[in-house]
Amino acid sequence: MKSEPSPHPPAAPDGQPRMSQEPDSETLLSCMELLFFAYRDFIGDPDAILESYGFGRAHHRVLHFVSRNPGLRVADLLDILRITKQSLARVLKQLVDEGYIEQEAGRTDRRERHLFVTDKGIALTNQLAELQMARIRVALTSAGPKADETLRRFLFAMIGEEQRPNVARIINRVRTPQTGAQEDETREAC
């Protein structure tokens, strides 16, 4: 006697549903193209604003991660962005010289540089984030219920497996309003 196929894909070892079959090449190529177009439009809105400041995407990324992680060490920023010291130095110098970022020497190791976004930097960072959050908000609403969960799982799975713990730690960090200190949330990254 043949059993009826389950309407739900079998669960993966992590408890998440698994696709019942591998996507074909055409589906994968279409997904790649959608990622290209989505990224183009996602960064297009901020690019126009950044250009008026004489900034580029690297400036945006620096402002974003320093804003979300006050006191971030330059060494950690290099690890997050995966760019050369020379590239970061050029971008940081411009952001510092124009008053968007401040640097402080480390308290225990004076050679370390810790980065902070100034009020001017916060205003620009928030303006850029609002544009991108609005685009994501519209897309998630259009995609329907639970789209945010599916999107987060998909994007997290796109990250190299060896980098997932670091990324989860970075994106799950929250600031407590009373102290400004950072704590790891107990929820999972995705």
# chains A, B, ... in the order shown; residues from 1 in each chain; ligands from 1
>>> select_by_dssp(residues="segment 92-168 of chain A", states="strand (DSSP E or B)", output="list in words")
Ile101, Glu102, Gln103, Glu104, Ala105, Arg113, His114, Leu115, Phe116 and Val117 of chain A
>>> closest_atom_pairs(of="segment 79-144 of chain A", to="segment 157-175 of chain A", cutoff="12 Å", atoms="only C-alpha atoms", output="CSV")
residue,atom,partner,partner_atom,distance
A:Asp79,CA,A:Asn166,CA,9.9
A:Ile80,CA,A:Val167,CA,8.5
A:Leu81,CA,A:Val167,CA,11.4
A:Arg82,CA,A:Gln163,CA,11.8
>>> write_last_selection(atoms="N, CA and C atoms", output="compact mmCIF listing (two decimals), in the first residue's frame")
# COMPACT_ATOMS: atom_id res chain seq x y z
N ASP A 79 36.81 43.37 9.46
CA ASP A 79 36.33 42.00 9.39
C ASP A 79 34.90 41.94 8.85
N ILE A 80 34.06 42.86 9.27
CA ILE A 80 32.66 42.90 8.82
C ILE A 80 32.60 43.23 7.33
N LEU A 81 33.32 44.26 6.91
CA LEU A 81 33.22 44.76 5.54
C LEU A 81 34.05 43.96 4.54
N ARG A 82 35.08 43.31 5.04
CA ARG A 82 35.99 42.54 4.19
C ARG A 82 36.55 43.42 3.06
>>> select_by_dssp(residues="segment 70-140 of chain A", states="helix (DSSP H, G or I)", output="PyMOL selection string")
chain A and resi 74-81+85-97+119-140
>>> closest_residue(among="A:Glu98, A:Asp76, A:Glu130, A:Glu22", to="Phe55 of chain A", atoms="only C-alpha atoms")
A:Glu98
>>> closest_atom_pairs(of="segment 5-116 of chain A", to="segment 138-145 of chain A", cutoff="12 Å", atoms="only C-alpha atoms", output="tab-separated table")
residue	atom	partner	partner_atom	distance
A:Ala38	CA	A:Ala139	CA	10.2
A:Asp41	CA	A:Ala139	CA	11.8
A:Phe42	CA	A:Ala139	CA	10.8
>>> residues_around(residues="segment 107-123 of chain A", least_positions_apart="4", cutoff="8 Å", atoms="only C-alpha atoms", output="MDAnalysis selection string")
chainID A and resid 63 66:67 70:74 99:103 127
>>> write_last_selection(atoms="N, CA and C atoms", output="PDB file, in the first residue's frame")
ATOM      1  N   LEU A  63      29.036  53.915   7.886  1.00  0.00           N
ATOM      2  CA  LEU A  63      28.076  54.635   8.730  1.00  0.00           C
ATOM      3  C   LEU A  63      27.068  53.677   9.350  1.00  0.00           C
ATOM      4  N   VAL A  66      28.862  51.306  12.086  1.00  0.00           N
ATOM      5  CA  VAL A  66      29.321  52.075  13.251  1.00  0.00           C
ATOM      6  C   VAL A  66      28.110  52.607  14.018  1.00  0.00           C
ATOM      7  N   SER A  67      27.089  53.031  13.302  1.00  0.00           N
ATOM      8  CA  SER A  67      25.872  53.504  13.959  1.00  0.00           C
ATOM      9  C   SER A  67      25.221  52.399  14.785  1.00  0.00           C
ATOM     10  N   PRO A  70      28.098  51.292  18.288  1.00  0.00           N
ATOM     11  CA  PRO A  70      28.956  52.383  18.769  1.00  0.00           C
ATOM     12  C   PRO A  70      30.186  51.840  19.491  1.00  0.00           C
ATOM     13  N   GLY A  71      31.339  52.414  19.190  1.00  0.00           N
ATOM     14  CA  GLY A  71      32.586  51.961  19.800  1.00  0.00           C
ATOM     15  C   GLY A  71      33.235  50.818  19.041  1.00  0.00           C
ATOM     16  N   LEU A  72      32.696  50.497  17.878  1.00  0.00           N
ATOM     17  CA  LEU A  72      33.238  49.411  17.066  1.00  0.00           C
ATOM     18  C   LEU A  72      34.712  49.664  16.775  1.00  0.00           C
ATOM     19  N   ARG A  73      35.518  48.639  16.960  1.00  0.00           N
ATOM     20  CA  ARG A  73      36.946  48.764  16.666  1.00  0.00           C
ATOM     21  C   ARG A  73      37.163  48.734  15.151  1.00  0.00           C
ATOM     22  N   VAL A  74      38.147  49.456  14.687  1.00  0.00           N
ATOM     23  CA  VAL A  74      38.474  49.468  13.261  1.00  0.00           C
ATOM     24  C   VAL A  74      38.758  48.046  12.787  1.00  0.00           C
ATOM     25  N   GLY A  99      33.185  65.225   9.650  1.00  0.00           N
ATOM     26  CA  GLY A  99      32.395  65.277  10.883  1.00  0.00           C
ATOM     27  C   GLY A  99      31.271  64.270  11.014  1.00  0.00           C
ATOM     28  N   TYR A 100      31.340  63.161  10.296  1.00  0.00           N
ATOM     29  CA  TYR A 100      30.301  62.131  10.393  1.00  0.00           C
ATOM     30  C   TYR A 100      30.671  61.015  11.371  1.00  0.00           C
ATOM     31  N   ILE A 101      31.969  60.827  11.576  1.00  0.00           N
ATOM     32  CA  ILE A 101      32.487  59.768  12.455  1.00  0.00           C
ATOM     33  C   ILE A 101      33.542  60.380  13.364  1.00  0.00           C
ATOM     34  N   GLU A 102      33.575  59.894  14.615  1.00  0.00           N
ATOM     35  CA  GLU A 102      34.654  60.257  15.545  1.00  0.00           C
ATOM     36  C   GLU A 102      35.415  58.995  15.905  1.00  0.00           C
ATOM     37  N   GLN A 103      36.716  59.162  16.159  1.00  0.00           N
ATOM     38  CA  GLN A 103      37.554  58.043  16.582  1.00  0.00           C
ATOM     39  C   GLN A 103      38.090  58.320  17.977  1.00  0.00           C
ATOM     40  N   GLN A 127      18.527  58.847   7.503  1.00  0.00           N
ATOM     41  CA  GLN A 127      17.900  59.183   6.226  1.00  0.00           C
ATOM     42  C   GLN A 127      18.056  58.021   5.237  1.00  0.00           C
TER      43      GLN A 127
END
>>> closest_residue(among="A:Ala58, A:Leu35, A:Leu50, A:Leu28", to="Leu88 of chain A", atoms="only C-alpha atoms")
A:Ala58
